[in-house]
file coords-v8.txt (compact mmCIF, C-alpha atoms)
# COMPACT_ATOMS: atom_id res chain seq x y z
CA MET E 976 19.45 14.94 -22.55
CA LYS E 977 18.69 11.25 -23.10
CA LYS E 978 20.77 10.40 -20.04
CA ALA E 979 18.86 12.89 -17.89
CA LEU E 980 15.53 11.51 -19.09
CA SER E 981 16.65 7.98 -18.30
CA VAL E 982 17.59 8.99 -14.78
CA LEU E 983 14.24 10.68 -14.34
CA MET E 984 12.46 7.52 -15.45
CA LEU E 985 14.40 5.51 -12.89
CA VAL E 986 13.44 7.94 -10.16
CA ALA E 987 9.80 7.65 -11.17
CA LEU E 988 10.04 3.93 -10.47
CA PHE E 989 11.51 4.65 -7.03
CA LEU E 990 8.77 7.05 -6.02
CA GLY E 991 5.32 6.09 -4.79
CA PHE E 992 1.94 7.61 -5.55
CA GLY E 993 0.13 10.47 -3.78
CA SER E 994 0.06 10.14 -0.03
CA GLY E 995 -2.60 10.68 2.61
CA VAL E 996 -3.80 9.12 5.83
CA VAL E 997 -7.04 7.38 6.69
CA ASP E 998 -7.30 5.94 10.17
CA ALA E 999 -9.38 2.76 10.27
CA LYS E 1000 -9.73 1.19 13.74
CA GLY E 1001 -6.25 2.39 14.57
CA TYR E 1002 -4.61 1.14 11.37
CA VAL E 1003 -3.00 4.03 9.53
CA PHE E 1004 -3.41 3.87 5.75
CA SER E 1005 -0.65 5.78 3.98
CA GLN E 1006 -2.66 6.78 0.91
CA LYS E 1007 -6.08 8.29 0.24
CA VAL E 1008 -6.91 6.07 -2.74
CA TYR E 1009 -5.99 2.53 -3.79
CA LYS E 1010 -6.83 1.37 -7.30
CA LEU E 1011 -5.77 -0.87 -10.18
CA GLY E 1012 -1.99 -0.80 -10.49
CA THR E 1013 -1.23 0.31 -6.92
CA ARG E 1014 1.71 -1.41 -5.26
CA HIS E 1015 1.76 -0.84 -1.50
CA SER E 1016 1.90 -2.78 1.75
CA ASP E 1017 -1.58 -1.43 2.61
CA VAL E 1018 -3.02 -3.49 -0.28
CA LYS E 1019 -2.41 -6.63 1.83
CA VAL E 1020 -4.56 -5.10 4.59
CA ILE E 1021 -7.33 -4.38 2.08
CA GLN E 1022 -7.17 -7.90 0.67
CA GLU E 1023 -7.32 -9.41 4.16
CA ALA E 1024 -10.42 -7.33 4.90
CA LEU E 1025 -12.01 -8.50 1.64
CA LYS E 1026 -11.16 -12.12 2.52
CA LYS E 1027 -12.99 -11.79 5.84
CA ASP E 1028 -15.99 -10.41 3.97
CA GLY E 1029 -15.87 -13.28 1.47
CA SER E 1030 -15.19 -11.06 -1.54
CA PHE E 1031 -11.53 -11.97 -2.07
CA LYS E 1032 -11.19 -15.68 -2.87
CA GLN E 1033 -7.41 -16.00 -3.27
CA ALA E 1034 -5.49 -18.01 -0.66
CA ASN E 1035 -2.57 -15.59 -0.48
CA THR E 1036 -2.53 -11.81 -0.20
CA THR E 1037 -0.05 -9.54 -1.98
CA THR E 1038 0.99 -5.90 -2.13
CA TYR E 1039 -0.32 -5.51 -5.71
CA TYR E 1040 -3.76 -4.13 -6.57
CA GLY E 1041 -4.54 -6.11 -9.71
CA THR E 1042 -7.70 -7.07 -11.58
CA ILE E 1043 -8.55 -9.77 -9.01
CA THR E 1044 -8.47 -7.22 -6.19
CA GLU E 1045 -10.43 -4.71 -8.26
CA LYS E 1046 -13.14 -7.32 -8.93
CA ALA E 1047 -13.26 -8.21 -5.22
CA VAL E 1048 -13.59 -4.54 -4.27
CA LYS E 1049 -16.48 -4.06 -6.70
CA SER E 1050 -18.19 -7.12 -5.23
CA PHE E 1051 -17.72 -5.73 -1.71
CA GLN E 1052 -19.02 -2.32 -2.76
CA LYS E 1053 -22.13 -3.75 -4.43
CA LYS E 1054 -22.81 -5.94 -1.41
CA HIS E 1055 -22.65 -2.99 0.97
CA LYS E 1056 -24.33 -0.44 -1.32
CA ILE E 1057 -21.25 1.67 -2.05
CA LYS E 1058 -20.48 3.09 -5.50
CA ALA E 1059 -19.00 0.05 -7.26
CA ASP E 1060 -16.05 1.65 -9.03
CA GLY E 1061 -13.41 -0.83 -7.85
CA ILE E 1062 -11.47 1.93 -6.11
CA VAL E 1063 -10.78 1.86 -2.38
CA GLY E 1064 -11.27 5.34 -0.97
CA SER E 1065 -12.60 6.82 2.25
CA ALA E 1066 -16.13 5.40 1.87
CA THR E 1067 -14.92 1.84 1.30
CA ILE E 1068 -12.39 2.00 4.13
CA LYS E 1069 -15.07 3.45 6.43
CA LYS E 1070 -17.36 0.51 5.67
CA MET E 1071 -14.53 -1.97 6.30
CA THR E 1072 -13.95 -0.20 9.61
CA GLU E 1073 -17.61 -0.31 10.61
CA LEU E 1074 -17.73 -4.04 9.84
CA GLY E 1075 -14.58 -4.67 11.91
CA LEU E 1076 -12.72 -6.12 8.94
CA VAL E 1077 -9.45 -4.37 9.74
CA ALA E 1078 -9.54 -4.86 13.51
CA ALA E 1079 -6.77 -7.49 13.37
CA ASN E 1080 -4.45 -4.93 11.86
CA LYS E 1081 -4.75 -2.44 14.67
CA PRO E 1082 -1.29 -1.13 15.66
CA GLN E 1083 0.19 -1.22 19.12
CA PRO E 1084 -0.41 1.89 21.21
CA LYS E 1085 1.71 4.91 20.31
CA PRO E 1086 4.98 5.00 22.28
CA GLN E 1087 4.69 6.69 25.65
CA THR E 1088 7.03 9.68 25.82
CA THR E 1089 8.61 11.69 28.57
CA SER E 1090 8.65 15.47 28.67
CA ARG E 1091 11.97 15.32 26.81
CA GLY E 1092 10.53 13.28 23.97
CA THR E 1093 12.16 9.96 24.83
CA VAL E 1094 10.16 6.78 24.46
CA GLN E 1095 9.41 4.24 27.14
CA ARG E 1096 8.88 0.92 25.40
CA GLN E 1097 10.69 -2.10 24.02
CA LYS E 1098 14.25 -1.65 22.72
CA VAL E 1099 14.46 -4.64 20.39
CA GLY E 1100 13.19 -4.79 16.81
CA GLU E 1101 12.42 -7.67 14.47
CA TYR E 1102 15.40 -8.81 12.41
CA LEU E 1103 13.68 -8.79 9.00
CA ASP E 1104 15.19 -9.18 5.55
CA TRP E 1105 14.93 -6.03 3.41
CA TRP E 1106 14.27 -7.89 0.17
CA THR E 1107 11.67 -10.44 1.25
CA GLU E 1108 10.09 -9.12 4.45
CA VAL E 1109 10.39 -5.32 4.46
CA LYS E 1110 10.56 -3.73 1.00
CA ASP E 1111 7.04 -3.24 -0.43
CA VAL E 1112 5.72 -5.62 2.25
CA LEU E 1113 5.98 -3.55 5.43
CA VAL E 1114 7.68 -0.41 4.13
CA SER E 1115 6.72 1.27 0.85
CA HIS E 1116 7.45 4.58 -0.83
CA ASN E 1117 5.50 7.53 0.63
CA ASP E 1118 5.08 5.74 3.96
CA VAL E 1119 5.53 7.83 7.09
CA LEU E 1120 7.59 6.04 9.73
CA LEU E 1121 8.39 6.70 13.37
CA ILE E 1122 12.12 6.29 14.05
CA GLU E 1123 13.51 5.65 17.53
CA ASP E 1124 17.21 5.96 18.26
CA VAL E 1125 18.15 2.89 20.31
CA GLU E 1126 20.73 4.59 22.55
CA THR E 1127 18.91 7.82 23.41
CA GLY E 1128 15.27 6.75 23.00
CA LYS E 1129 14.54 9.95 21.07
CA THR E 1130 12.00 9.71 18.26
CA PHE E 1131 11.26 11.59 15.05
CA ASN E 1132 9.18 11.11 11.91
CA VAL E 1133 10.41 10.49 8.38
CA LYS E 1134 8.84 9.89 4.98
CA VAL E 1135 10.12 7.29 2.52
CA THR E 1136 10.75 9.31 -0.64
CA ALA E 1137 13.13 7.13 -2.69
CA GLY E 1138 15.37 4.08 -2.56
CA SER E 1139 15.66 0.59 -3.97
CA ASN E 1140 18.64 -1.16 -2.33
CA HIS E 1141 17.54 0.44 0.95
CA ALA E 1142 15.04 3.10 2.00
CA ASP E 1143 15.91 6.77 1.47
CA VAL E 1144 13.98 8.94 3.91
CA GLU E 1145 13.47 12.61 4.76
CA THR E 1146 12.38 14.21 8.01
CA LEU E 1147 8.83 15.55 7.93
CA THR E 1148 9.30 18.83 9.79
CA LYS E 1149 11.88 21.25 11.15
CA GLU E 1150 11.26 19.78 14.58
CA ASP E 1151 12.04 16.27 13.31
CA THR E 1152 15.28 17.55 11.77
CA GLU E 1153 16.22 19.22 15.03
CA THR E 1154 15.69 15.93 16.87
CA LEU E 1155 17.83 14.10 14.31
CA ARG E 1156 20.62 16.67 14.74
CA SER E 1157 20.42 16.38 18.53
CA ILE E 1158 20.91 12.61 18.27
CA TRP E 1159 23.84 12.69 15.83
CA GLY E 1160 25.39 15.90 17.22
CA GLY E 1161 24.71 17.69 13.94
CA PHE E 1162 24.55 16.14 10.50
CA SER E 1163 26.85 13.12 10.38
CA TRP E 1164 27.62 10.03 8.29
CA ASP E 1165 27.86 7.98 11.51
CA ARG E 1166 25.63 4.90 11.52
CA ARG E 1167 23.31 4.40 14.48
CA ALA E 1168 21.03 1.56 15.53
CA VAL E 1169 17.36 2.56 15.24
CA LEU E 1170 13.91 1.02 15.53
CA VAL E 1171 11.32 1.58 12.81
CA TYR E 1172 7.66 1.62 13.87
CA LYS E 1173 5.16 0.74 11.13
CA GLY E 1174 1.63 -0.35 12.00
CA ASN E 1175 1.94 -3.01 14.69
CA ARG E 1176 5.52 -3.92 13.77
CA VAL E 1177 8.85 -2.77 15.23
CA ILE E 1178 11.74 -3.40 12.82
CA ALA E 1179 15.48 -3.34 13.51
CA ALA E 1180 17.36 -0.90 11.29
CA SER E 1181 20.37 1.39 10.94
CA MET E 1182 20.49 5.01 9.81
CA ASN E 1183 23.05 7.68 9.06
CA GLY E 1184 22.42 11.34 9.87
CA MET E 1185 23.80 13.07 6.79
CA PRO E 1186 21.28 14.52 4.31
CA HIS E 1187 22.69 14.23 0.80
CA ALA E 1188 21.94 14.49 -2.93
CA GLY E 1189 19.38 17.27 -2.52
CA VAL E 1190 18.76 20.97 -3.11
CA GLU E 1191 16.00 22.53 -1.01
CA SER E 1192 15.35 25.41 -3.41
CA GLN E 1193 14.76 23.20 -6.47
CA PRO E 1194 11.87 20.81 -7.23
CA GLY E 1195 12.42 17.19 -6.25
CA GLY E 1196 13.00 14.75 -9.09
CA GLN E 1197 14.66 17.22 -11.44
CA VAL E 1198 18.28 17.10 -12.57
CA VAL E 1199 20.17 19.79 -10.65
CA SER E 1200 23.76 20.70 -9.87
CA SER E 1201 25.60 21.25 -6.58
CA ARG E 1202 23.58 18.74 -4.57
CA SER E 1203 24.18 18.53 -0.83
CA ALA E 1204 27.11 16.66 0.75
CA GLY E 1205 29.20 17.11 -2.41
CA PHE E 1206 27.05 14.95 -4.67
CA GLY E 1207 27.34 17.27 -7.67
CA GLN E 1208 24.93 17.05 -10.60
CA GLY E 1209 22.11 14.52 -10.63
CA ILE E 1210 18.55 13.88 -9.55
CA ASN E 1211 17.36 16.18 -6.76
CA TYR E 1212 16.43 13.86 -3.90
CA ASP E 1213 14.80 16.60 -1.84
CA PHE E 1214 11.04 16.10 -1.96
CA VAL E 1215 10.00 17.26 1.52
CA LYS E 1216 10.36 21.03 1.63
CA GLY E 1217 10.62 23.32 4.64
CA ASN E 1218 12.19 20.73 6.96
CA ASN E 1219 15.61 22.41 7.27
CA MET E 1220 17.29 19.47 5.56
CA GLU E 1221 18.58 19.21 1.99
CA GLY E 1222 18.30 15.71 0.56
CA HIS E 1223 17.64 12.37 2.20
CA VAL E 1224 19.35 10.02 4.66
CA CYS E 1225 19.84 6.27 4.31
CA LEU E 1226 17.78 3.76 6.28
CA HIS E 1227 19.19 0.22 6.12
CA PHE E 1228 17.71 -3.13 7.12
CA LYS E 1229 18.99 -6.72 7.25
CA ASN E 1230 20.80 -7.56 3.96
CA SER E 1231 20.10 -4.18 2.34
CA LEU E 1232 22.76 -2.73 0.03
CA THR E 1233 24.25 0.68 -0.66
CA HIS E 1234 23.24 2.47 -3.85
CA GLY E 1235 26.83 3.33 -4.73
CA SER E 1236 28.72 0.05 -4.34
CA ASN E 1237 25.68 -2.25 -4.56
CA LYS E 1238 27.15 -4.11 -1.58
CA GLN E 1239 26.28 -4.46 2.09
CA ASP E 1240 27.66 -1.83 4.46
CA SER E 1241 29.24 -3.67 7.39
CA GLN E 1242 28.63 -0.83 9.85
CA HIS E 1243 24.97 -0.58 8.93
CA GLN E 1244 24.53 -4.35 9.19
CA ALA E 1245 26.21 -4.40 12.62
CA ASN E 1246 23.81 -1.71 13.83
CA VAL E 1247 20.80 -3.58 12.46
CA LYS E 1248 21.84 -6.55 14.59
CA LYS E 1249 22.31 -4.26 17.57
CA ALA E 1250 18.77 -2.92 17.11
CA ALA E 1251 17.55 -6.52 17.01
CA GLY E 1252 19.36 -7.37 20.23
CA LEU E 1253 21.71 -9.83 18.49
call {"tool": "encode", "arguments": {"input": "coords-v8.txt", "output": "structure tokens"}}
result
Amino acid sequence: MKKALSVLMLVALFLGFGSGVVDAKGYVFSQKVYKLGTRHSDVKVIQEALKKDGSFKQANTTTYYGTITEKAVKSFQKKHKIKADGIVGSATIKKMTELGLVAANKPQPKPQTTSRGTVQRQKVGEYLDWWTEVKDVLVSHNDVLLIEDVETGKTFNVKVTAGSNHADVETLTKEDTETLRSIWGGFSWDRRAVLVYKGNRVIAASMNGMPHAGVESQPGGQVVSSRSAGFGQGINYDFVKGNNMEGHVCLHFKNSLTHGSNKQDSQHQANVKKAAGL
């Protein structure tokens, strides 16, 4: 019992907070509310907006919503006659939008697609380090990402639902799962070079196409048996329901590690370089 509780506590650390989307001048915020204690890449966007307004005095921005950020938000809210609760919600983001404080963070236009769903845009991603440039900086738990397969140009959406040494992601819908299967020729452990679209960034990555460690019929985060892909008993890493996929797939970046061996996977790393055009 103690072991199961310990595992559950670890999973709680891996998982983000409630998700939602607020579109401010094209920038897609992944959550509905940001408050004291939040750790998310969107916090940097909020701090940058507060800096432009003169409310955030720190030289550097971070992904952590601490007391300094809370104080700056209250100052911004008082200045612009918003309820000064120190919480960034729809009203605060709307005001930042109206003032043009997030204009610099506007993403590139959405990929143009053909009738077959293939994209027509650049095929090279940024070669960014998982530990210092991607994790909790550009990609955070509960983020929704657009994935493009480098070879076919097909795209699908995933949600980051777990992961520490790399990102563990799940397809959002049945249609996304069908696209994934069409790319890999069914579910497969094969690694493929992919591009990850987040905000105005395109990041080189590698992904396998085998959902694992999940049970669709059981709640995510609980200890269950007979997990997919022969993973046996353990935490149920199936949080997105109704997508015709049990469990998650692995999304690797430069220098990321596996969760099993705690080492780099040479095939994934080779595909990351391929996605970066190296």
call {"tool": "closest_residue", "arguments": {"input": "coords-v8.txt", "among": "E:Asn1183, E:Thr1146, E:Thr1036, E:Asn1230", "to": "Ile1021 (chain E)", "atoms": "only C-alpha atoms"}}
result
E:Thr1036
call {"tool": "closest_residue", "arguments": {"input": "coords-v8.txt", "among": "E:Lys1248, E:Lys1069, E:Lys1058, E:Lys1026", "to": "Val1169 (chain E)", "atoms": "all atoms listed in the file"}}
result
E:Lys1248
call {"tool": "closest_residue", "arguments": {"input": "coords-v8.txt", "among": "E:Arg1202, E:Arg1156, E:Lys1054, E:Lys1010", "to": "Asp1028 (chain E)", "atoms": "all atoms listed in the file"}}
result
E:Lys1054
call {"tool": "residues_near_point", "arguments": {"input": "coords-v8.txt", "point": "(2.7, 1.4, 10.8)", "cutoff": "6 Å", "atoms": "all atoms listed in the file", "output": "compact mmCIF listing (two decimals) with C-alpha atoms, keeping the file's coordinate frame"}}
result
# COMPACT_ATOMS: atom_id res chain seq x y z
CA TYR E 1172 7.66 1.62 13.87
CA LYS E 1173 5.16 0.74 11.13
CA GLY E 1174 1.63 -0.35 12.00
CA ASN E 1175 1.94 -3.01 14.69
call {"tool": "residues_around", "arguments": {"input": "coords-v8.txt", "residues": "Val1177 (chain E)", "least_positions_apart": "6", "cutoff": "8 Å", "atoms": "all atoms listed in the file", "output": "ChimeraX atom specification"}}
result
/E:1099-1101,1170-1171
call {"tool": "closest_residue", "arguments": {"input": "coords-v8.txt", "among": "E:Asn1035, E:Gln1208, E:Ser1231, E:Ser1115", "to": "Val1135 (chain E)", "atoms": "all atoms listed in the file"}}
result
E:Ser1115
